[in-house]
Amino acid sequence: MSGDGGPAAGGASADARRIIDTSVAHSARVHDYWLGGKDNFAVDRAAGDAVMAAYPGIVMTVRANRAFLARAVRFLADEVGIRQFLDIGTGIPAANNTHEVAQSVAPGSRVVYVDYDPVVLLHAEALLTSSAQGVVDYVDADLRDPQTILSQAARTLDFSRPVAVTLIAIMHLIGDQDDPYGIVRQLMAAVPAGSYLALSQVASDIETEQVAEAARRYTRLGHENLRFRSHAEIMQFFAGLELVEPGLVPVQDWRPVSELEARTHSSVRGGVGRKP
Ligand SMILES: C[S@@+](CC[C@H](N)C(=O)[O-])C[C@H]1O[C@@H](n2cnc3c(N)ncnc32)[C@H](O)[C@@H]1O
C-alpha cells in the first residue's frame, strides 16, 4: 500500500479508531517513512521531514532502534531461551520483525503482535507468516488497555511460562496521564519469574534541544503527543526487574554486534530486564 489515494479502512471495523486518517500524521507511518518504507501518506512525510529538519539524526536513530530490537530478541531467544514474545507497538512490518528473529533461532517460538494502528492491522496478514512449528498472532488493541491485551494474548501465549514483553519505541507515545508505569507493571505482573522486559524510548536528555524542537514540529502534524523521558525516568519502567548488562544505554551501545552498529548514534535509550 502506498500513496495518498491509499486504502480506506474498509472492512476493518466500524470503530472510529480503525479508520485510516490521512489528514494527521501517525507514528507507525512516519516511522515507516524514516525506515524507507512505502506505507505512508503526504502528511506523514511532511511530519517526518519537519522532524528531520530539526533533528537530522532521526533516521539514524530509528535504524539504531530497529537494530536494538533485533539484537534484544536474538539475545532473549538464543542466550536466555525465551520461546514466547508479546511485542506491543509492532509497527508496519520492516526488516527483522520479532517473529523472524525469534523463529530463526527457535522455530517453535510463539509471538503475539499488538498495535492500534489501522495500517499495521492491514498488514497483519503479512505478519502472520509463522514457521510451521511456531505460532504468530496479532491483537488489534491499545496499550492503554493492558488487560485486554493480556486476555487476547492468552489465546496464544502460556502465561505460566516465561514471556518476553517487548515495548520498543512506544512508551514515548504514552503520556503521564495514561499511567505508563502502571501499564508496564500490569504487563509484568501477568508473566512469571524468568520473564523479560525489553524496552526502548526516546530520551529527553540526549541532544535535548534538537529533539525537543523536533517533537514540537511533529506534534503540529500528528495526533499523538510525545513524552520523552530522562535516564532516571526510563529506569523506572524496570522497577523490580534485574537489568542485564550493559544496563539502560543509548540503543547502539546495547551489545552491538558490529563496528557499524557500535559507531552509529541515536537519541533512544533501551535495556532488557529480567523478572526475578
Ligand atoms: C515508532 S513505532 C515502533 C515500531 C517498532 N516497535 C520498532 O521499534 O521498529 C510505534 C508503534 O507503536 C504503535 N502505538 C503507539 N501508541 C500505541 C498504543 N497506545 N497502543 C498500541 N500501539 C501503539 C504505533 O501505531 C506504532 O506502530
# chains A, B, ... in the order shown; residues from 1 in each chain; ligands from 1
call {"tool": "residues_around", "arguments": {"residues": "Phe228 of chain A", "least_positions_apart": "3", "cutoff": "6 Å", "atoms": "only C-alpha atoms", "output": "compact mmCIF listing (two decimals) with N, CA and C atoms, in the first residue's frame"}}
result
# COMPACT_ATOMS: atom_id res chain seq x y z
N HIS A 172 7.28 6.48 24.53
CA HIS A 172 7.27 7.95 24.38
C HIS A 172 5.96 8.42 23.76
N VAL A 202 12.43 7.27 23.32
CA VAL A 202 13.23 8.48 23.05
C VAL A 202 13.60 9.13 24.38
N ALA A 203 14.86 9.53 24.46
CA ALA A 203 15.39 10.15 25.67
C ALA A 203 15.16 11.66 25.64
N SER A 204 14.95 12.22 26.82
CA SER A 204 14.81 13.68 26.90
C SER A 204 16.15 14.34 27.20
call {"tool": "residues_near_ligand", "arguments": {"ligand": "ligand 1", "cutoff": "6 Å", "atoms": "only C-alpha atoms and all ligand atoms", "output": "VMD selection string"}}
result
chain A and resid 27 to 28 31 66 89 to 91 115 to 117 141 to 144 168 to 170 173
call {"tool": "select_by_dssp", "arguments": {"residues": "segment 198-235 of chain A", "states": "helix (DSSP H, G or I)", "output": "list in words"}}
result
Thr208, Glu209, Gln210, Val211, Ala212, Glu213, Ala214, Ala215, Arg216, Arg217, Tyr218, Thr219, Arg220, Leu221, His231, Ala232, Glu233, Ile234 and Met235 of chain A
call {"tool": "closest_atom_pairs", "arguments": {"of": "segment 70-130 of chain A", "to": "segment 153-159 of chain A", "cutoff": "7 Å", "atoms": "only C-alpha atoms", "output": "JSON lines"}}
result
{"residue": "A:Gln84", "atom": "CA", "partner": "A:Leu157", "partner_atom": "CA", "distance": 6.5}
{"residue": "A:Arg110", "atom": "CA", "partner": "A:Leu157", "partner_atom": "CA", "distance": 6.9}
{"residue": "A:Val112", "atom": "CA", "partner": "A:Ala153", "partner_atom": "CA", "distance": 6.3}
call {"tool": "write_last_selection", "arguments": {"atoms": "N, CA, C and O atoms", "output": "PDB file, in the first residue's frame"}}
result
ATOM      1  N   GLN A  84       8.493 -17.312  24.041  1.00  0.00           N
ATOM      2  CA  GLN A  84       7.218 -16.614  23.886  1.00  0.00           C
ATOM      3  C   GLN A  84       7.479 -15.107  23.933  1.00  0.00           C
ATOM      4  O   GLN A  84       8.159 -14.623  24.848  1.00  0.00           O
ATOM      5  N   ARG A 110       6.608 -18.656  19.873  1.00  0.00           N
ATOM      6  CA  ARG A 110       5.242 -18.135  19.750  1.00  0.00           C
ATOM      7  C   ARG A 110       5.308 -16.622  19.952  1.00  0.00           C
ATOM      8  O   ARG A 110       5.887 -16.150  20.937  1.00  0.00           O
ATOM      9  N   VAL A 112       3.097 -12.889  19.800  1.00  0.00           N
ATOM     10  CA  VAL A 112       1.857 -12.120  19.663  1.00  0.00           C
ATOM     11  C   VAL A 112       2.228 -10.663  19.415  1.00  0.00           C
ATOM     12  O   VAL A 112       2.951 -10.058  20.214  1.00  0.00           O
TER      13      VAL A 112
END
call {"tool": "closest_atom_pairs", "arguments": {"of": "segment 37-67 of chain A", "to": "segment 253-269 of chain A", "cutoff": "8 Å", "atoms": "only C-alpha atoms", "output": "JSON lines"}}
result
{"residue": "A:Gly57", "atom": "CA", "partner": "A:Ser266", "partner_atom": "CA", "distance": 6.9}
{"residue": "A:Ile58", "atom": "CA", "partner": "A:Ser266", "partner_atom": "CA", "distance": 7.4}
{"residue": "A:Met60", "atom": "CA", "partner": "A:Ser266", "partner_atom": "CA", "distance": 6.4}
{"residue": "A:Thr61", "atom": "CA", "partner": "A:Ser266", "partner_atom": "CA", "distance": 4.1}
{"residue": "A:Val62", "atom": "CA", "partner": "A:Ser266", "partner_atom": "CA", "distance": 7.7}
{"residue": "A:Ala64", "atom": "CA", "partner": "A:Ser266", "partner_atom": "CA", "distance": 6.5}
{"residue": "A:Asn65", "atom": "CA", "partner": "A:Val268", "partner_atom": "CA", "distance": 6.9}
{"residue": "A:Ala67", "atom": "CA", "partner": "A:Glu261", "partner_atom": "CA", "distance": 7.8}
call {"tool": "closest_residue", "arguments": {"among": "A:Pro276, A:Gly134, A:Gly108, A:Pro246", "to": "Ala189 of chain A", "atoms": "only C-alpha atoms"}}
result
A:Pro276
call {"tool": "select_by_dssp", "arguments": {"residues": "segment 15-256 of chain A", "states": "strand (DSSP E or B)", "output": "NGL selection string"}}
result
:A and (25 or 84-88 or 110-115 or 135-140 or 164-168 or 196-203 or 222 or 229 or 242-243 or 249-250)
call {"tool": "write_last_selection", "arguments": {"atoms": "C-alpha atoms", "output": "PDB file, in the first residue's frame"}}
result
ATOM      1  CA  ALA A  25       0.437  12.020  10.829  1.00  0.00           C
ATOM      2  CA  GLN A  84       7.218 -16.614  23.886  1.00  0.00           C
ATOM      3  CA  PHE A  85       7.127 -12.936  22.877  1.00  0.00           C
ATOM      4  CA  LEU A  86       4.500 -10.249  23.391  1.00  0.00           C
ATOM      5  CA  ASP A  87       5.516  -7.433  21.028  1.00  0.00           C
ATOM      6  CA  ILE A  88       3.460  -4.298  21.709  1.00  0.00           C
ATOM      7  CA  ARG A 110       5.242 -18.135  19.750  1.00  0.00           C
ATOM      8  CA  VAL A 111       4.817 -14.424  19.051  1.00  0.00           C
ATOM      9  CA  VAL A 112       1.857 -12.120  19.663  1.00  0.00           C
ATOM     10  CA  TYR A 113       1.954  -8.726  17.979  1.00  0.00           C
ATOM     11  CA  VAL A 114      -0.115  -5.814  19.290  1.00  0.00           C
ATOM     12  CA  ASP A 115      -0.717  -2.420  17.708  1.00  0.00           C
ATOM     13  CA  VAL A 135       2.677 -19.561  16.126  1.00  0.00           C
ATOM     14  CA  VAL A 136       2.196 -15.879  15.324  1.00  0.00           C
ATOM     15  CA  ASP A 137      -0.929 -13.979  16.307  1.00  0.00           C
ATOM     16  CA  TYR A 138      -1.998 -10.350  16.011  1.00  0.00           C
ATOM     17  CA  VAL A 139      -4.067  -8.376  18.511  1.00  0.00           C
ATOM     18  CA  ASP A 140      -5.615  -5.052  17.487  1.00  0.00           C
ATOM     19  CA  ALA A 164       9.410 -11.564  26.826  1.00  0.00           C
ATOM     20  CA  VAL A 165       7.360  -8.374  26.707  1.00  0.00           C
ATOM     21  CA  THR A 166       8.818  -6.005  24.121  1.00  0.00           C
ATOM     22  CA  LEU A 167       7.906  -2.311  24.198  1.00  0.00           C
ATOM     23  CA  ILE A 168      10.225  -0.927  21.550  1.00  0.00           C
ATOM     24  CA  TYR A 196      11.821 -10.360  30.496  1.00  0.00           C
ATOM     25  CA  LEU A 197      11.029  -6.784  29.529  1.00  0.00           C
ATOM     26  CA  ALA A 198      12.819  -5.249  26.533  1.00  0.00           C
ATOM     27  CA  LEU A 199      12.051  -1.534  26.299  1.00  0.00           C
ATOM     28  CA  SER A 200      13.329   1.472  24.409  1.00  0.00           C
ATOM     29  CA  GLN A 201      12.078   5.022  24.153  1.00  0.00           C
ATOM     30  CA  VAL A 202      13.227   8.475  23.053  1.00  0.00           C
ATOM     31  CA  ALA A 203      15.388  10.153  25.670  1.00  0.00           C
ATOM     32  CA  GLY A 222       0.369  14.351  14.362  1.00  0.00           C
ATOM     33  CA  ARG A 229      11.973  10.696  29.327  1.00  0.00           C
ATOM     34  CA  GLU A 242      17.175  -7.110  37.098  1.00  0.00           C
ATOM     35  CA  LEU A 243      18.727  -5.202  34.197  1.00  0.00           C
ATOM     36  CA  VAL A 249      22.032   2.721  27.439  1.00  0.00           C
ATOM     37  CA  PRO A 250      21.752   4.513  24.089  1.00  0.00           C
TER      38      PRO A 250
END
